[in-house]
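Novice: Structure: query-v8.txt, compact mmCIF, C-alpha atoms.
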# COMPACT_ATOMS: atom_id res chain seq x y z
CA MET A 1 11.28 -35.64 33.74
CA GLN A 2 12.73 -36.05 30.24
CA GLU A 3 9.22 -36.39 28.78
CA ASN A 4 8.06 -33.17 30.48
CA ARG A 5 11.06 -31.32 29.10
CA ARG A 6 10.25 -32.50 25.55
CA LYS A 7 6.63 -31.42 25.95
CA PHE A 8 7.75 -28.02 27.22
CA HIS A 9 10.13 -27.54 24.25
CA LEU A 10 7.44 -28.64 21.80
CA LEU A 11 4.91 -26.28 23.36
CA TYR A 12 7.44 -23.43 23.27
CA LEU A 13 8.24 -24.16 19.61
CA LEU A 14 4.56 -24.24 18.66
CA LEU A 15 3.93 -20.98 20.49
CA PHE A 16 6.86 -19.32 18.69
CA ILE A 17 5.68 -20.58 15.29
CA GLY A 18 2.15 -19.40 16.05
CA LEU A 19 3.32 -15.91 17.00
CA PHE A 20 5.53 -15.69 13.91
CA PHE A 21 2.73 -16.63 11.51
CA SER A 22 0.23 -14.47 13.37
CA ASN A 23 2.44 -11.42 12.79
CA GLU A 24 2.92 -12.36 9.15
CA LEU A 25 -0.82 -12.76 8.61
CA ASN A 26 -1.59 -9.49 10.39
CA ALA A 27 0.97 -7.64 8.28
CA GLN A 28 -0.58 -8.88 5.04
CA GLN A 29 -4.27 -8.98 5.92
CA LYS A 30 -7.01 -7.12 4.08
CA THR A 31 -9.52 -4.81 5.70
CA GLY A 32 -13.21 -4.52 5.12
CA LEU A 33 -14.51 -1.65 3.00
CA LEU A 34 -13.59 1.78 4.40
CA ARG A 35 -14.79 5.22 3.24
CA VAL A 36 -12.25 7.65 1.75
CA SER A 37 -12.71 11.06 3.38
CA LYS A 38 -10.12 13.18 1.55
CA VAL A 39 -7.67 12.72 -1.31
CA VAL A 40 -4.38 14.59 -0.80
CA ASP A 41 -2.77 13.69 -4.14
CA GLY A 42 -2.18 10.73 -6.44
CA ASP A 43 -0.63 8.47 -3.80
CA THR A 44 -1.93 9.74 -0.44
CA PHE A 45 -5.42 10.01 1.04
CA TRP A 46 -7.39 9.91 4.27
CA LEU A 47 -10.10 7.42 5.21
CA ILE A 48 -12.32 6.60 8.14
CA ASN A 49 -10.94 3.40 9.66
CA ALA A 50 -12.85 0.61 11.42
CA ARG A 51 -12.58 2.50 14.74
CA GLY A 52 -14.26 5.55 13.18
CA GLU A 53 -11.03 7.57 13.18
CA GLU A 54 -9.40 9.39 10.29
CA GLU A 55 -6.27 7.63 9.08
CA LYS A 56 -3.73 8.81 6.51
CA ILE A 57 -2.90 6.22 3.84
CA ARG A 58 0.18 6.15 1.59
CA LEU A 59 0.06 3.79 -1.38
CA ILE A 60 2.80 1.15 -1.43
CA GLY A 61 5.00 0.69 -4.48
CA VAL A 62 4.05 3.82 -6.39
CA ASP A 63 4.95 7.49 -6.49
CA SER A 64 2.76 10.07 -8.16
CA PRO A 65 4.09 13.45 -9.28
CA GLU A 66 3.58 16.32 -6.84
CA ALA A 67 0.41 18.29 -7.59
CA ARG A 68 1.35 21.51 -5.76
CA ASN A 69 4.24 23.42 -4.26
CA THR A 70 4.69 22.69 -0.55
CA GLY A 71 7.79 23.78 1.32
CA ARG A 72 10.83 22.44 -0.51
CA VAL A 73 8.74 20.16 -2.74
CA LYS A 74 7.84 21.68 -6.09
CA LYS A 75 4.90 20.91 -8.39
CA GLU A 76 5.88 18.30 -10.98
CA TYR A 77 4.86 17.47 -14.53
CA PHE A 78 1.53 15.61 -14.63
CA GLY A 79 0.97 16.11 -10.89
CA ALA A 80 -2.35 17.93 -11.29
CA GLU A 81 -3.64 15.20 -13.63
CA SER A 82 -2.53 12.42 -11.28
CA SER A 83 -4.17 14.12 -8.32
CA ALA A 84 -7.40 14.74 -10.26
CA PHE A 85 -7.51 11.07 -11.31
CA ALA A 86 -7.07 9.89 -7.71
CA LYS A 87 -9.81 12.26 -6.54
CA ARG A 88 -12.16 11.04 -9.26
CA MET A 89 -11.48 7.39 -8.40
CA LEU A 90 -11.31 7.59 -4.58
CA ASP A 91 -13.04 10.63 -3.10
CA GLY A 92 -16.05 9.52 -1.07
CA LYS A 93 -15.68 5.92 -2.30
CA ARG A 94 -15.18 2.77 -0.27
CA VAL A 95 -11.88 0.91 -0.52
CA ARG A 96 -10.24 -2.17 0.92
CA LEU A 97 -6.65 -2.05 2.18
CA GLU A 98 -4.03 -4.78 1.96
CA TYR A 99 -0.87 -4.49 4.02
CA ASP A 100 2.66 -5.70 3.32
CA ALA A 101 5.57 -6.28 5.70
CA GLN A 102 5.55 -2.79 7.23
CA ARG A 103 2.35 -1.17 8.43
CA LYS A 104 3.62 2.45 8.87
CA ASP A 105 6.21 4.67 7.24
CA ARG A 106 8.55 7.08 9.02
CA TYR A 107 5.83 9.78 8.88
CA GLN A 108 3.37 7.42 10.61
CA ARG A 109 1.20 7.08 7.51
CA THR A 110 -0.41 3.68 7.02
CA LEU A 111 1.18 1.89 4.06
CA ALA A 112 -1.25 -0.05 1.92
CA TYR A 113 -2.22 -1.58 -1.36
CA VAL A 114 -5.69 -0.28 -2.18
CA TYR A 115 -8.59 -2.02 -3.88
CA LEU A 116 -11.68 -0.23 -5.11
CA GLU A 117 -15.08 -1.61 -4.22
CA ASP A 118 -15.28 -3.40 -7.60
CA GLY A 119 -11.96 -5.16 -6.87
CA THR A 120 -9.76 -2.93 -9.06
CA PHE A 121 -6.20 -2.80 -7.71
CA PHE A 122 -5.74 0.98 -7.49
CA ASN A 123 -1.94 1.05 -7.03
CA ALA A 124 -1.56 -0.99 -10.23
CA LEU A 125 -4.14 1.13 -12.07
CA LEU A 126 -2.15 4.30 -11.34
CA VAL A 127 1.01 2.80 -12.83
CA ARG A 128 -0.77 1.15 -15.78
CA GLU A 129 -2.43 4.43 -16.81
CA GLY A 130 0.72 6.52 -16.31
CA TYR A 131 -0.42 8.49 -13.27
CA ALA A 132 2.44 7.18 -11.10
CA THR A 133 5.86 5.58 -11.35
CA VAL A 134 7.18 2.55 -9.53
CA ALA A 135 8.76 3.29 -6.15
CA THR A 136 9.38 0.21 -4.06
CA PHE A 137 11.08 0.20 -0.68
CA PRO A 138 12.01 -3.14 0.89
CA PRO A 139 10.58 -4.98 2.65
CA ASN A 140 7.30 -3.83 1.01
CA VAL A 141 7.86 -5.42 -2.38
CA LYS A 142 5.00 -7.87 -2.79
CA TYR A 143 3.85 -6.47 -6.16
CA GLU A 144 7.14 -4.98 -7.38
CA LYS A 145 7.38 -7.17 -10.50
CA LEU A 146 3.79 -6.38 -11.47
CA PHE A 147 4.35 -2.64 -11.05
CA ILE A 148 7.56 -2.72 -13.11
CA ARG A 149 5.80 -4.61 -15.93
CA LEU A 150 2.86 -2.16 -15.90
CA GLN A 151 5.22 0.84 -15.96
CA ARG A 152 7.06 -0.58 -18.99
CA GLU A 153 3.72 -1.04 -20.77
CA ALA A 154 2.52 2.48 -19.91
CA ARG A 155 5.79 3.95 -21.09
CA SER A 156 5.78 2.01 -24.36
CA LYS A 157 2.15 3.08 -24.98
CA ARG A 158 3.05 6.69 -24.00
CA LYS A 159 0.31 6.88 -21.39
CA GLY A 160 -0.10 9.62 -18.82
CA LEU A 161 3.16 11.14 -17.70
CA TRP A 162 4.98 9.20 -20.42
CA LYS A 163 3.38 11.32 -23.21
Once you've parsed the file, please lay out its structure as structure tokens.

Specialist:
Amino acid sequence: MQENRRKFHLLYLLLFIGLFFSNELNAQQKTGLLRVSKVVDGDTFWLINARGEEEKIRLIGVDSPEARNTGRVKKEYFGAESSAFAKRMLDGKRVRLEYDAQRKDRYQRTLAYVYLEDGTFFNALLVREGYATVATFPPNVKYEKLFIRLQREARSKRKGLWK
């Protein structure tokens, strides 16, 4: 009886550990290459996901200036340039997504780090070239230190919106 109870507790513990790590791995997994269907602005775009459905993506850790007036949100300095850069880099291209702790934001957009087909880390590229600023929201902070370092460099070199 005692031996069966130990086996049950061990099995339960292993199942719990397996579920915990499964969720962690799913949250931080990378996708295959997916085609970008429309670029909204510097930090938001649509793609065709693995199920063949359109999905709205919001880049994690960065915030690009607004490119146009919409409702209460007003066009910001360097917004048009940031949006044009994102369109040039993403529109019609294939990208790979990497997820962090949270998969969706409060607007139900998929939150992701984005890699171009050649492996370029797009979120970091935006910050490094001055097309976006750092905007991290816990628990999605995997690359926060990298983004802060790249923003300091862009600012000191007076790149993009830091001109």

Novice: Grab the CA of Phe147 in chain A to CA of Glu66 in chain A distance for me, in Å with one decimal place.

Specialist: 19.4 Å

Novice: Between CA of Gly119 in chain A and CA of Arg152 in chain A, measure the distance and give it in Å to one decimal.

Specialist: 23.0 Å

Novice: For Ile60 in chain A, which residue among A:Leu161, A:Val95, A:Ala124, A:Leu150 is the nearest when counting only C-alpha atoms?

Specialist: A:Ala124

Novice: Can you tell me, as a list in words, what residues are no more than 6 Å from Arg109 in chain A when counting only C-alpha atoms, ignoring any on the same chain fewer than 3 positions away?

Specialist: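 The residues that qualify are Lys56, Ile57, Lys104 and Asp105 of chain A.
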
Novice: Between A:Glu81, A:Glu144, A:Asp118, A:Glu53, which residue has the minimum interatomic distance to Asp100 in chain A, considering only C-alpha atoms?

Specialist: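 That would be A:Glu144, the residue with the smallest distance to Asp100 in chain A.
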
Novice: Since the input lacks some atoms of range 58-69 of chain A, please model N, CA and C atoms and print them as a JSON list (two decimals), in the frame of the given file.

Specialist:
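The resulting file, rebuild24.json, is shown below:
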[["chain", "number", "residue", "atom", "x", "y", "z"],
["A", 58, "ARG", "N", -0.79, 5.93, 2.66],
["A", 58, "ARG", "CA", 0.18, 6.15, 1.59],
["A", 58, "ARG", "C", 0.26, 4.86, 0.79],
["A", 59, "LEU", "N", 0.04, 4.96, -0.52],
["A", 59, "LEU", "CA", 0.06, 3.79, -1.38],
["A", 59, "LEU", "C", 1.46, 3.18, -1.44],
["A", 60, "ILE", "N", 1.52, 1.87, -1.36],
["A", 60, "ILE", "CA", 2.80, 1.15, -1.43],
["A", 60, "ILE", "C", 3.17, 0.93, -2.89],
["A", 61, "GLY", "N", 4.46, 1.10, -3.19],
["A", 61, "GLY", "CA", 5.00, 0.69, -4.48],
["A", 61, "GLY", "C", 4.89, 1.69, -5.61],
["A", 62, "VAL", "N", 4.25, 2.83, -5.33],
["A", 62, "VAL", "CA", 4.05, 3.82, -6.39],
["A", 62, "VAL", "C", 4.39, 5.21, -5.88],
["A", 63, "ASP", "N", 4.70, 6.10, -6.82],
["A", 63, "ASP", "CA", 4.95, 7.49, -6.49],
["A", 63, "ASP", "C", 4.33, 8.35, -7.57],
["A", 64, "SER", "N", 3.39, 9.18, -7.18],
["A", 64, "SER", "CA", 2.76, 10.07, -8.16],
["A", 64, "SER", "C", 3.47, 11.42, -8.14],
["A", 65, "PRO", "N", 3.45, 12.14, -9.25],
["A", 65, "PRO", "CA", 4.09, 13.45, -9.28],
["A", 65, "PRO", "C", 3.39, 14.41, -8.32],
["A", 66, "GLU", "N", 4.14, 15.34, -7.77],
["A", 66, "GLU", "CA", 3.58, 16.32, -6.84],
["A", 66, "GLU", "C", 2.62, 17.25, -7.57],
["A", 67, "ALA", "N", 1.47, 17.49, -6.95],
["A", 67, "ALA", "CA", 0.41, 18.29, -7.59],
["A", 67, "ALA", "C", 0.50, 19.76, -7.24],
["A", 68, "ARG", "N", 1.27, 20.10, -6.18],
["A", 68, "ARG", "CA", 1.35, 21.51, -5.76],
["A", 68, "ARG", "C", 2.68, 21.76, -5.07],
["A", 69, "ASN", "N", 3.03, 23.02, -4.97],
["A", 69, "ASN", "CA", 4.24, 23.42, -4.26],
["A", 69, "ASN", "C", 3.96, 23.41, -2.76]]
